[in-house]
Amino acid sequence: MSLFRPQPGPGWRLPSLRVFGALVIREMITRYGRSPGGYIWAVLEPAGMIAILALAFSQFIHTPPLGESFILFYATGYIPFHAYSEIAGGVSHSVTVNRPLMHFPIVTPLDAVLARFFLSFLTIVIVCVLVFSTLLVITDDPVRLQLGPLFAAIGSAALLGLGVGTLNAVIFAFVPLWQRVWSIINRPLFILSAVFFTYESLPRNAREILFWNPIVHCVGEARKAFYPVYEGNYVVLGFPLGVAAFCFLLGGFLLMRNRSAVIDA
């Protein structure tokens with residue numbers, strides 16, 4: 001069955017606030033209501049990961065690549081990566097976990113995608129505010145926070161996650177094996193996204209390759225928001241935003257054109 005062949009079923013339209021709200025509440029209950037600590041754990045988990053990274057690397061590296069605080073340096077890299085990873089992973093499975101609801105004509109696959117994105121993005125914003133506000137209080141690093149670049153970094157990483165997740169939601173529905181392939185592809189991404197180091201510290205050949213990792217640009221923009229001395233001349237936010245737009249438009253188009261096939265897959 002061709003993904004580009006239109007299938008019977010209504011096209012996508014903006015969901016009513018009632019439907020959208022119901023989907024968001026259902027997502028919150030199914031994702032966080034059944035685990036210990038629930039939503040609180042979703043907020044504390046990335047903070048714990050940052051603390052572990054800082055503690056581990058501070059044992060054999062005397063000073064971080066930027067500033068004086070290991071935990072703040074790794075937070076500026078991990079939070080944008082976490083925004084992408086968390087949203088892409090959640091949105092990728094939004095169609096699969098909400099498939100029974102989509103037999104109702106009022107609920108479409110794209111509604112489920114946007115509801116899960118909204119909830120994940122809200123969680124990321126809370127994580128970002130709590131982590132960075134806490135670190136700015138407890139560390140002595142001479143940083144100067146610029147909210148504009150920080151919002152741009154987190155926003156572009158979140159939109160990249162939305163785009164990649166939307167396209168994956170279609171592929172997962174028709175090619176279940178792609179879930180395992182995608183998981184394997186993503187394993188080294190944490191290391192290859194400049195979370196542990198700065199882009200400029202790499203050899204030229206490595207920089208030429210990592211430039212095409214859109215998450216690296218989001219991480220660089222986040223570090224520009226905190227470190228006045230960091231220029232980050234390589235950062236081109238139009239690149240991750242362009243990738244996000246392409247993936248979302250293609251994935252959204254395929255979801256709308258193949259609504260019945262996606263639901264019955």
# chains A, B, ... in the order shown; residues from 1 in each chain; ligands from 1
>>> residues_around(residues="region 165-169 of chain A", least_positions_apart="3", cutoff="10 Å", atoms="only C-alpha atoms", output="PDB file with N, CA, C and O atoms, in the first residue's frame")
ATOM      1  N   TYR A  84      14.657  17.492  22.632  1.00  0.00           N
ATOM      2  CA  TYR A  84      14.467  16.780  21.368  1.00  0.00           C
ATOM      3  C   TYR A  84      14.105  15.319  21.602  1.00  0.00           C
ATOM      4  O   TYR A  84      13.133  14.800  21.041  1.00  0.00           O
ATOM      5  N   SER A  85      14.907  14.641  22.426  1.00  0.00           N
ATOM      6  CA  SER A  85      14.759  13.201  22.607  1.00  0.00           C
ATOM      7  C   SER A  85      13.415  12.848  23.231  1.00  0.00           C
ATOM      8  O   SER A  85      12.737  11.907  22.785  1.00  0.00           O
ATOM      9  N   GLU A  86      13.018  13.576  24.267  1.00  0.00           N
ATOM     10  CA  GLU A  86      11.771  13.284  24.965  1.00  0.00           C
ATOM     11  C   GLU A  86      10.563  13.493  24.052  1.00  0.00           C
ATOM     12  O   GLU A  86       9.643  12.674  24.011  1.00  0.00           O
ATOM     13  N   ILE A  87      10.569  14.592  23.307  1.00  0.00           N
ATOM     14  CA  ILE A  87       9.429  14.893  22.441  1.00  0.00           C
ATOM     15  C   ILE A  87       9.393  13.956  21.235  1.00  0.00           C
ATOM     16  O   ILE A  87       8.334  13.428  20.871  1.00  0.00           O
ATOM     17  N   ALA A  88      10.545  13.708  20.619  1.00  0.00           N
ATOM     18  CA  ALA A  88      10.579  12.810  19.459  1.00  0.00           C
ATOM     19  C   ALA A  88      10.122  11.410  19.854  1.00  0.00           C
ATOM     20  O   ALA A  88       9.341  10.775  19.141  1.00  0.00           O
ATOM     21  N   GLY A  89      10.600  10.924  21.011  1.00  0.00           N
ATOM     22  CA  GLY A  89      10.203   9.593  21.453  1.00  0.00           C
ATOM     23  C   GLY A  89       8.722   9.500  21.772  1.00  0.00           C
ATOM     24  O   GLY A  89       8.053   8.529  21.406  1.00  0.00           O
ATOM     25  N   GLY A  90       8.193  10.518  22.460  1.00  0.00           N
ATOM     26  CA  GLY A  90       6.778  10.494  22.818  1.00  0.00           C
ATOM     27  C   GLY A  90       5.866  10.622  21.608  1.00  0.00           C
ATOM     28  O   GLY A  90       4.887   9.866  21.470  1.00  0.00           O
ATOM     29  N   VAL A  91       6.182  11.549  20.718  1.00  0.00           N
ATOM     30  CA  VAL A  91       5.337  11.779  19.538  1.00  0.00           C
ATOM     31  C   VAL A  91       5.381  10.578  18.597  1.00  0.00           C
ATOM     32  O   VAL A  91       4.380  10.233  17.962  1.00  0.00           O
ATOM     33  N   SER A  92       6.526   9.912  18.517  1.00  0.00           N
ATOM     34  CA  SER A  92       6.659   8.758  17.618  1.00  0.00           C
ATOM     35  C   SER A  92       5.640   7.666  17.938  1.00  0.00           C
ATOM     36  O   SER A  92       5.172   6.960  17.035  1.00  0.00           O
ATOM     37  N   HIS A  93       5.282   7.517  19.213  1.00  0.00           N
ATOM     38  CA  HIS A  93       4.351   6.455  19.629  1.00  0.00           C
ATOM     39  C   HIS A  93       2.938   6.992  19.877  1.00  0.00           C
ATOM     40  O   HIS A  93       2.088   6.256  20.388  1.00  0.00           O
ATOM     41  N   SER A  94       2.694   8.241  19.537  1.00  0.00           N
ATOM     42  CA  SER A  94       1.388   8.838  19.837  1.00  0.00           C
ATOM     43  C   SER A  94       0.257   8.157  19.084  1.00  0.00           C
ATOM     44  O   SER A  94      -0.847   7.992  19.624  1.00  0.00           O
ATOM     45  N   VAL A  95       0.499   7.749  17.853  1.00  0.00           N
ATOM     46  CA  VAL A  95      -0.552   7.089  17.069  1.00  0.00           C
ATOM     47  C   VAL A  95      -0.797   5.686  17.594  1.00  0.00           C
ATOM     48  O   VAL A  95      -1.948   5.248  17.748  1.00  0.00           O
ATOM     49  N   THR A  96       0.273   4.968  17.916  1.00  0.00           N
ATOM     50  CA  THR A  96       0.146   3.579  18.373  1.00  0.00           C
ATOM     51  C   THR A  96      -0.659   3.478  19.663  1.00  0.00           C
ATOM     52  O   THR A  96      -1.576   2.656  19.782  1.00  0.00           O
ATOM     53  N   PRO A 109      -5.297  11.100  13.853  1.00  0.00           N
ATOM     54  CA  PRO A 109      -3.915  10.825  14.273  1.00  0.00           C
ATOM     55  C   PRO A 109      -3.123  12.090  14.588  1.00  0.00           C
ATOM     56  O   PRO A 109      -2.329  12.114  15.525  1.00  0.00           O
ATOM     57  N   LEU A 110      -3.348  13.152  13.815  1.00  0.00           N
ATOM     58  CA  LEU A 110      -2.590  14.379  14.050  1.00  0.00           C
ATOM     59  C   LEU A 110      -3.014  15.058  15.350  1.00  0.00           C
ATOM     60  O   LEU A 110      -2.216  15.744  15.984  1.00  0.00           O
ATOM     61  N   VAL A 113      -0.914  13.412  17.926  1.00  0.00           N
ATOM     62  CA  VAL A 113       0.459  13.905  17.825  1.00  0.00           C
ATOM     63  C   VAL A 113       0.613  15.244  18.541  1.00  0.00           C
ATOM     64  O   VAL A 113       1.532  15.451  19.345  1.00  0.00           O
ATOM     65  N   LEU A 114      -0.298  16.166  18.263  1.00  0.00           N
ATOM     66  CA  LEU A 114      -0.193  17.511  18.845  1.00  0.00           C
ATOM     67  C   LEU A 114      -0.458  17.499  20.348  1.00  0.00           C
ATOM     68  O   LEU A 114       0.152  18.262  21.099  1.00  0.00           O
ATOM     69  N   PHE A 117       2.683  16.207  21.979  1.00  0.00           N
ATOM     70  CA  PHE A 117       3.717  17.243  21.883  1.00  0.00           C
ATOM     71  C   PHE A 117       3.487  18.341  22.917  1.00  0.00           C
ATOM     72  O   PHE A 117       4.420  18.787  23.596  1.00  0.00           O
ATOM     73  N   LEU A 159      10.736  21.634  18.478  1.00  0.00           N
ATOM     74  CA  LEU A 159      10.111  21.522  17.154  1.00  0.00           C
ATOM     75  C   LEU A 159      10.784  20.438  16.316  1.00  0.00           C
ATOM     76  O   LEU A 159      10.113  19.752  15.537  1.00  0.00           O
ATOM     77  N   LEU A 160      12.092  20.292  16.484  1.00  0.00           N
ATOM     78  CA  LEU A 160      12.784  19.212  15.792  1.00  0.00           C
ATOM     79  C   LEU A 160      12.245  17.858  16.269  1.00  0.00           C
ATOM     80  O   LEU A 160      12.015  16.953  15.462  1.00  0.00           O
ATOM     81  N   GLY A 161      12.034  17.743  17.582  1.00  0.00           N
ATOM     82  CA  GLY A 161      11.448  16.508  18.104  1.00  0.00           C
ATOM     83  C   GLY A 161      10.050  16.265  17.566  1.00  0.00           C
ATOM     84  O   GLY A 161       9.681  15.124  17.251  1.00  0.00           O
ATOM     85  N   LEU A 162       9.254  17.330  17.446  1.00  0.00           N
ATOM     86  CA  LEU A 162       7.911  17.204  16.892  1.00  0.00           C
ATOM     87  C   LEU A 162       7.962  16.724  15.447  1.00  0.00           C
ATOM     88  O   LEU A 162       7.213  15.821  15.051  1.00  0.00           O
ATOM     89  N   PHE A 172       6.353   4.055  11.879  1.00  0.00           N
ATOM     90  CA  PHE A 172       6.126   3.008  12.879  1.00  0.00           C
ATOM     91  C   PHE A 172       4.841   2.244  12.594  1.00  0.00           C
ATOM     92  O   PHE A 172       4.763   1.037  12.832  1.00  0.00           O
ATOM     93  N   ALA A 173       3.815   2.954  12.106  1.00  0.00           N
ATOM     94  CA  ALA A 173       2.524   2.314  11.852  1.00  0.00           C
ATOM     95  C   ALA A 173       2.607   1.298  10.713  1.00  0.00           C
ATOM     96  O   ALA A 173       1.962   0.245  10.760  1.00  0.00           O
ATOM     97  N   PHE A 174       3.401   1.615   9.686  1.00  0.00           N
ATOM     98  CA  PHE A 174       3.457   0.750   8.512  1.00  0.00           C
ATOM     99  C   PHE A 174       4.658  -0.201   8.519  1.00  0.00           C
ATOM    100  O   PHE A 174       4.610  -1.265   7.895  1.00  0.00           O
ATOM    101  N   VAL A 175       5.725   0.213   9.197  1.00  0.00           N
ATOM    102  CA  VAL A 175       6.946  -0.607   9.231  1.00  0.00           C
ATOM    103  C   VAL A 175       7.386  -0.745  10.686  1.00  0.00           C
ATOM    104  O   VAL A 175       8.261  -0.023  11.150  1.00  0.00           O
ATOM    105  N   TRP A 178      11.026  -0.591  11.892  1.00  0.00           N
ATOM    106  CA  TRP A 178      11.742   0.684  11.944  1.00  0.00           C
ATOM    107  C   TRP A 178      11.941   1.163  13.388  1.00  0.00           C
ATOM    108  O   TRP A 178      12.883   1.901  13.662  1.00  0.00           O
ATOM    109  N   GLN A 179      11.087   0.736  14.307  1.00  0.00           N
ATOM    110  CA  GLN A 179      11.259   1.128  15.707  1.00  0.00           C
ATOM    111  C   GLN A 179      12.595   0.639  16.246  1.00  0.00           C
ATOM    112  O   GLN A 179      13.311   1.377  16.942  1.00  0.00           O
ATOM    113  N   TRP A 182      15.465   2.513  14.383  1.00  0.00           N
ATOM    114  CA  TRP A 182      15.585   3.886  14.870  1.00  0.00           C
ATOM    115  C   TRP A 182      16.230   3.914  16.249  1.00  0.00           C
ATOM    116  O   TRP A 182      17.023   4.807  16.557  1.00  0.00           O
ATOM    117  N   ALA A 244      12.907  20.270  10.940  1.00  0.00           N
ATOM    118  CA  ALA A 244      11.657  20.079  11.689  1.00  0.00           C
ATOM    119  C   ALA A 244      10.444  20.332  10.800  1.00  0.00           C
ATOM    120  O   ALA A 244       9.483  19.546  10.808  1.00  0.00           O
ATOM    121  N   PHE A 246      10.225  20.252   7.483  1.00  0.00           N
ATOM    122  CA  PHE A 246      10.107  19.240   6.428  1.00  0.00           C
ATOM    123  C   PHE A 246       9.507  17.942   6.969  1.00  0.00           C
ATOM    124  O   PHE A 246       8.571  17.381   6.381  1.00  0.00           O
ATOM    125  N   CYS A 247      10.051  17.467   8.097  1.00  0.00           N
ATOM    126  CA  CYS A 247       9.575  16.206   8.670  1.00  0.00           C
ATOM    127  C   CYS A 247       8.123  16.312   9.128  1.00  0.00           C
ATOM    128  O   CYS A 247       7.327  15.384   8.922  1.00  0.00           O
ATOM    129  N   PHE A 248       7.766  17.451   9.742  1.00  0.00           N
ATOM    130  CA  PHE A 248       6.394  17.593  10.235  1.00  0.00           C
ATOM    131  C   PHE A 248       5.397  17.687   9.090  1.00  0.00           C
ATOM    132  O   PHE A 248       4.325  17.067   9.132  1.00  0.00           O
ATOM    133  N   LEU A 249       5.723  18.470   8.071  1.00  0.00           N
ATOM    134  CA  LEU A 249       4.803  18.615   6.942  1.00  0.00           C
ATOM    135  C   LEU A 249       4.631  17.296   6.196  1.00  0.00           C
ATOM    136  O   LEU A 249       3.516  16.926   5.817  1.00  0.00           O
ATOM    137  N   LEU A 250       5.742  16.571   5.994  1.00  0.00           N
ATOM    138  CA  LEU A 250       5.647  15.283   5.309  1.00  0.00           C
ATOM    139  C   LEU A 250       4.884  14.276   6.167  1.00  0.00           C
ATOM    140  O   LEU A 250       3.983  13.580   5.684  1.00  0.00           O
ATOM    141  N   GLY A 251       5.249  14.198   7.447  1.00  0.00           N
ATOM    142  CA  GLY A 251       4.563  13.264   8.334  1.00  0.00           C
ATOM    143  C   GLY A 251       3.097  13.602   8.507  1.00  0.00           C
ATOM    144  O   GLY A 251       2.232  12.716   8.495  1.00  0.00           O
ATOM    145  N   GLY A 252       2.786  14.903   8.674  1.00  0.00           N
ATOM    146  CA  GLY A 252       1.388  15.313   8.809  1.00  0.00           C
ATOM    147  C   GLY A 252       0.581  15.021   7.564  1.00  0.00           C
ATOM    148  O   GLY A 252      -0.579  14.575   7.643  1.00  0.00           O
ATOM    149  N   PHE A 253       1.186  15.245   6.400  1.00  0.00           N
ATOM    150  CA  PHE A 253       0.507  14.949   5.134  1.00  0.00           C
ATOM    151  C   PHE A 253       0.182  13.462   5.026  1.00  0.00           C
ATOM    152  O   PHE A 253      -0.932  13.066   4.667  1.00  0.00           O
ATOM    153  N   LEU A 254       1.171  12.624   5.371  1.00  0.00           N
ATOM    154  CA  LEU A 254       0.958  11.177   5.281  1.00  0.00           C
ATOM    155  C   LEU A 254      -0.079  10.700   6.287  1.00  0.00           C
ATOM    156  O   LEU A 254      -0.868   9.791   6.004  1.00  0.00           O
ATOM    157  N   LEU A 255      -0.105  11.306   7.468  1.00  0.00           N
ATOM    158  CA  LEU A 255      -1.116  10.938   8.464  1.00  0.00           C
ATOM    159  C   LEU A 255      -2.520  11.288   7.975  1.00  0.00           C
ATOM    160  O   LEU A 255      -3.473  10.522   8.161  1.00  0.00           O
ATOM    161  N   VAL A 262      -3.644   4.037   8.746  1.00  0.00           N
ATOM    162  CA  VAL A 262      -2.857   4.177   9.962  1.00  0.00           C
ATOM    163  C   VAL A 262      -3.596   3.592  11.158  1.00  0.00           C
ATOM    164  O   VAL A 262      -3.027   2.892  12.020  1.00  0.00           O
TER     165      VAL A 262
END
>>> atom_distance(atom1="CA of Ala115 (chain A)", atom2="CA of Arg187 (chain A)")
26.3 Å
>>> residues_around(residues="Asn98 (chain A)", least_positions_apart="4", cutoff="10 Å", atoms="only C-alpha atoms", output="PDB file with N, CA, C and O atoms, in the first residue's frame")
ATOM      1  N   LEU A  23      -7.540  14.756  25.260  1.00  0.00           N
ATOM      2  CA  LEU A  23      -6.370  13.989  24.838  1.00  0.00           C
ATOM      3  C   LEU A  23      -5.164  14.288  25.718  1.00  0.00           C
ATOM      4  O   LEU A  23      -4.404  13.388  26.080  1.00  0.00           O
ATOM      5  N   ARG A  26      -5.667  12.596  29.071  1.00  0.00           N
ATOM      6  CA  ARG A  26      -5.455  11.149  28.938  1.00  0.00           C
ATOM      7  C   ARG A  26      -3.969  10.838  28.841  1.00  0.00           C
ATOM      8  O   ARG A  26      -3.486   9.866  29.432  1.00  0.00           O
ATOM      9  N   GLU A  27      -3.234  11.650  28.068  1.00  0.00           N
ATOM     10  CA  GLU A  27      -1.798  11.439  27.951  1.00  0.00           C
ATOM     11  C   GLU A  27      -1.113  11.575  29.306  1.00  0.00           C
ATOM     12  O   GLU A  27      -0.216  10.791  29.648  1.00  0.00           O
ATOM     13  N   HIS A  93       5.282   7.517  19.213  1.00  0.00           N
ATOM     14  CA  HIS A  93       4.351   6.455  19.629  1.00  0.00           C
ATOM     15  C   HIS A  93       2.938   6.992  19.877  1.00  0.00           C
ATOM     16  O   HIS A  93       2.088   6.256  20.388  1.00  0.00           O
ATOM     17  N   SER A  94       2.694   8.241  19.537  1.00  0.00           N
ATOM     18  CA  SER A  94       1.388   8.838  19.837  1.00  0.00           C
ATOM     19  C   SER A  94       0.257   8.157  19.084  1.00  0.00           C
ATOM     20  O   SER A  94      -0.847   7.992  19.624  1.00  0.00           O
ATOM     21  N   MET A 102      -8.998   6.643  17.843  1.00  0.00           N
ATOM     22  CA  MET A 102      -9.101   7.200  16.497  1.00  0.00           C
ATOM     23  C   MET A 102     -10.199   6.557  15.675  1.00  0.00           C
ATOM     24  O   MET A 102     -10.450   6.979  14.543  1.00  0.00           O
ATOM     25  N   HIS A 103     -10.867   5.554  16.227  1.00  0.00           N
ATOM     26  CA  HIS A 103     -12.036   5.013  15.542  1.00  0.00           C
ATOM     27  C   HIS A 103     -13.224   5.960  15.654  1.00  0.00           C
ATOM     28  O   HIS A 103     -14.204   5.807  14.935  1.00  0.00           O
ATOM     29  N   VAL A 107     -11.643  12.270  16.424  1.00  0.00           N
ATOM     30  CA  VAL A 107     -10.231  12.204  16.811  1.00  0.00           C
ATOM     31  C   VAL A 107      -9.412  11.716  15.614  1.00  0.00           C
ATOM     32  O   VAL A 107      -9.717  10.670  15.031  1.00  0.00           O
ATOM     33  N   THR A 108      -8.385  12.456  15.244  1.00  0.00           N
ATOM     34  CA  THR A 108      -7.519  12.088  14.135  1.00  0.00           C
ATOM     35  C   THR A 108      -6.110  11.796  14.646  1.00  0.00           C
ATOM     36  O   THR A 108      -5.746  12.198  15.756  1.00  0.00           O
ATOM     37  N   PRO A 109      -5.297  11.100  13.853  1.00  0.00           N
ATOM     38  CA  PRO A 109      -3.915  10.825  14.273  1.00  0.00           C
ATOM     39  C   PRO A 109      -3.123  12.090  14.588  1.00  0.00           C
ATOM     40  O   PRO A 109      -2.329  12.114  15.525  1.00  0.00           O
ATOM     41  N   ASP A 111      -4.265  14.856  15.758  1.00  0.00           N
ATOM     42  CA  ASP A 111      -4.700  15.366  17.064  1.00  0.00           C
ATOM     43  C   ASP A 111      -3.883  14.720  18.177  1.00  0.00           C
ATOM     44  O   ASP A 111      -3.443  15.388  19.119  1.00  0.00           O
ATOM     45  N   ALA A 112      -3.683  13.412  18.077  1.00  0.00           N
ATOM     46  CA  ALA A 112      -2.906  12.694  19.092  1.00  0.00           C
ATOM     47  C   ALA A 112      -1.459  13.156  19.101  1.00  0.00           C
ATOM     48  O   ALA A 112      -0.838  13.287  20.167  1.00  0.00           O
ATOM     49  N   VAL A 113      -0.914  13.412  17.926  1.00  0.00           N
ATOM     50  CA  VAL A 113       0.459  13.905  17.825  1.00  0.00           C
ATOM     51  C   VAL A 113       0.613  15.244  18.541  1.00  0.00           C
ATOM     52  O   VAL A 113       1.532  15.451  19.345  1.00  0.00           O
ATOM     53  N   ILE A 263      -4.888   3.841  11.234  1.00  0.00           N
ATOM     54  CA  ILE A 263      -5.688   3.352  12.366  1.00  0.00           C
ATOM     55  C   ILE A 263      -5.796   1.833  12.338  1.00  0.00           C
ATOM     56  O   ILE A 263      -5.735   1.175  13.389  1.00  0.00           O
TER      57      ILE A 263
END
>>> closest_atom_pairs(of="region 98-171 of chain A", to="region 44-54 of chain A", cutoff="12 Å", atoms="only C-alpha atoms", output="Markdown table")
| residue | atom | partner | partner_atom | distance |
| --- | --- | --- | --- | --- |
| A:Thr123 | CA | A:Leu44 | CA | 10.6 |
| A:Ile124 | CA | A:Pro46 | CA | 9.6 |
| A:Ile126 | CA | A:Leu44 | CA | 10.3 |
| A:Val127 | CA | A:Pro46 | CA | 7.6 |
| A:Cys128 | CA | A:Ala47 | CA | 9.4 |
| A:Val129 | CA | A:Ala47 | CA | 11.2 |
| A:Leu130 | CA | A:Ala47 | CA | 8.9 |
| A:Val131 | CA | A:Ala47 | CA | 6.4 |
| A:Phe132 | CA | A:Ala47 | CA | 9.7 |
| A:Ser133 | CA | A:Ala47 | CA | 11.9 |
| A:Thr134 | CA | A:Ala47 | CA | 10.2 |
| A:Leu135 | CA | A:Ala47 | CA | 10.3 |
>>> residues_around(residues="region 232-241 of chain A", least_positions_apart="5", cutoff="9 Å", atoms="only C-alpha atoms", output="number ranges by chain")
A: 152-153, 156-157, 159-160, 199-200, 211-221, 223-224, 246
>>> write_last_selection(atoms="C-alpha atoms", output="tab-separated table (two decimals), in the first residue's frame")
chain	number	residue	atom	x	y	z
A	152	ALA	CA	15.31	29.78	20.71
A	153	ALA	CA	17.47	26.75	21.60
A	156	SER	CA	14.04	24.67	18.03
A	157	ALA	CA	14.97	21.40	19.78
A	159	LEU	CA	10.11	21.52	17.15
A	160	LEU	CA	12.78	19.21	15.79
A	199	TYR	CA	31.89	21.87	18.88
A	200	GLU	CA	35.02	24.00	18.43
A	211	PHE	CA	27.65	20.15	11.60
A	212	TRP	CA	24.92	18.07	9.94
A	213	ASN	CA	23.55	16.96	13.29
A	214	PRO	CA	20.77	19.53	13.88
A	215	ILE	CA	20.84	19.01	17.66
A	216	VAL	CA	24.40	20.37	17.79
A	217	HIS	CA	23.07	23.76	16.67
A	218	CYS	CA	20.44	23.77	19.42
A	219	VAL	CA	23.08	22.93	22.03
A	220	GLY	CA	25.37	25.67	20.74
A	221	GLU	CA	22.58	28.24	20.92
A	223	ARG	CA	25.44	27.72	25.52
A	224	LYS	CA	25.50	31.13	23.88
A	246	PHE	CA	10.11	19.24	6.43
>>> residues_around(residues="region 139-148 of chain A", least_positions_apart="6", cutoff="7 Å", atoms="only C-alpha atoms", output="ChimeraX atom specification")
/A:67-69,225-228
>>> atom_distance(atom1="CA of Leu202 (chain A)", atom2="CA of Ile184 (chain A)")
24.2 Å
>>> closest_residue(among="A:Ile209, A:Leu136, A:Leu177, A:Ala158", to="Leu122 (chain A)", atoms="only C-alpha atoms")
A:Ala158
>>> atom_distance(atom1="CA of Tyr230 (chain A)", atom2="CA of Leu55 (chain A)")
23.3 Å
>>> select_by_dssp(residues="region 19-144 of chain A", states="helix (DSSP H, G or I)", output="VMD selection string")
chain A and resid 19 to 32 39 to 57 70 to 92 94 to 97 99 to 103 109 to 138
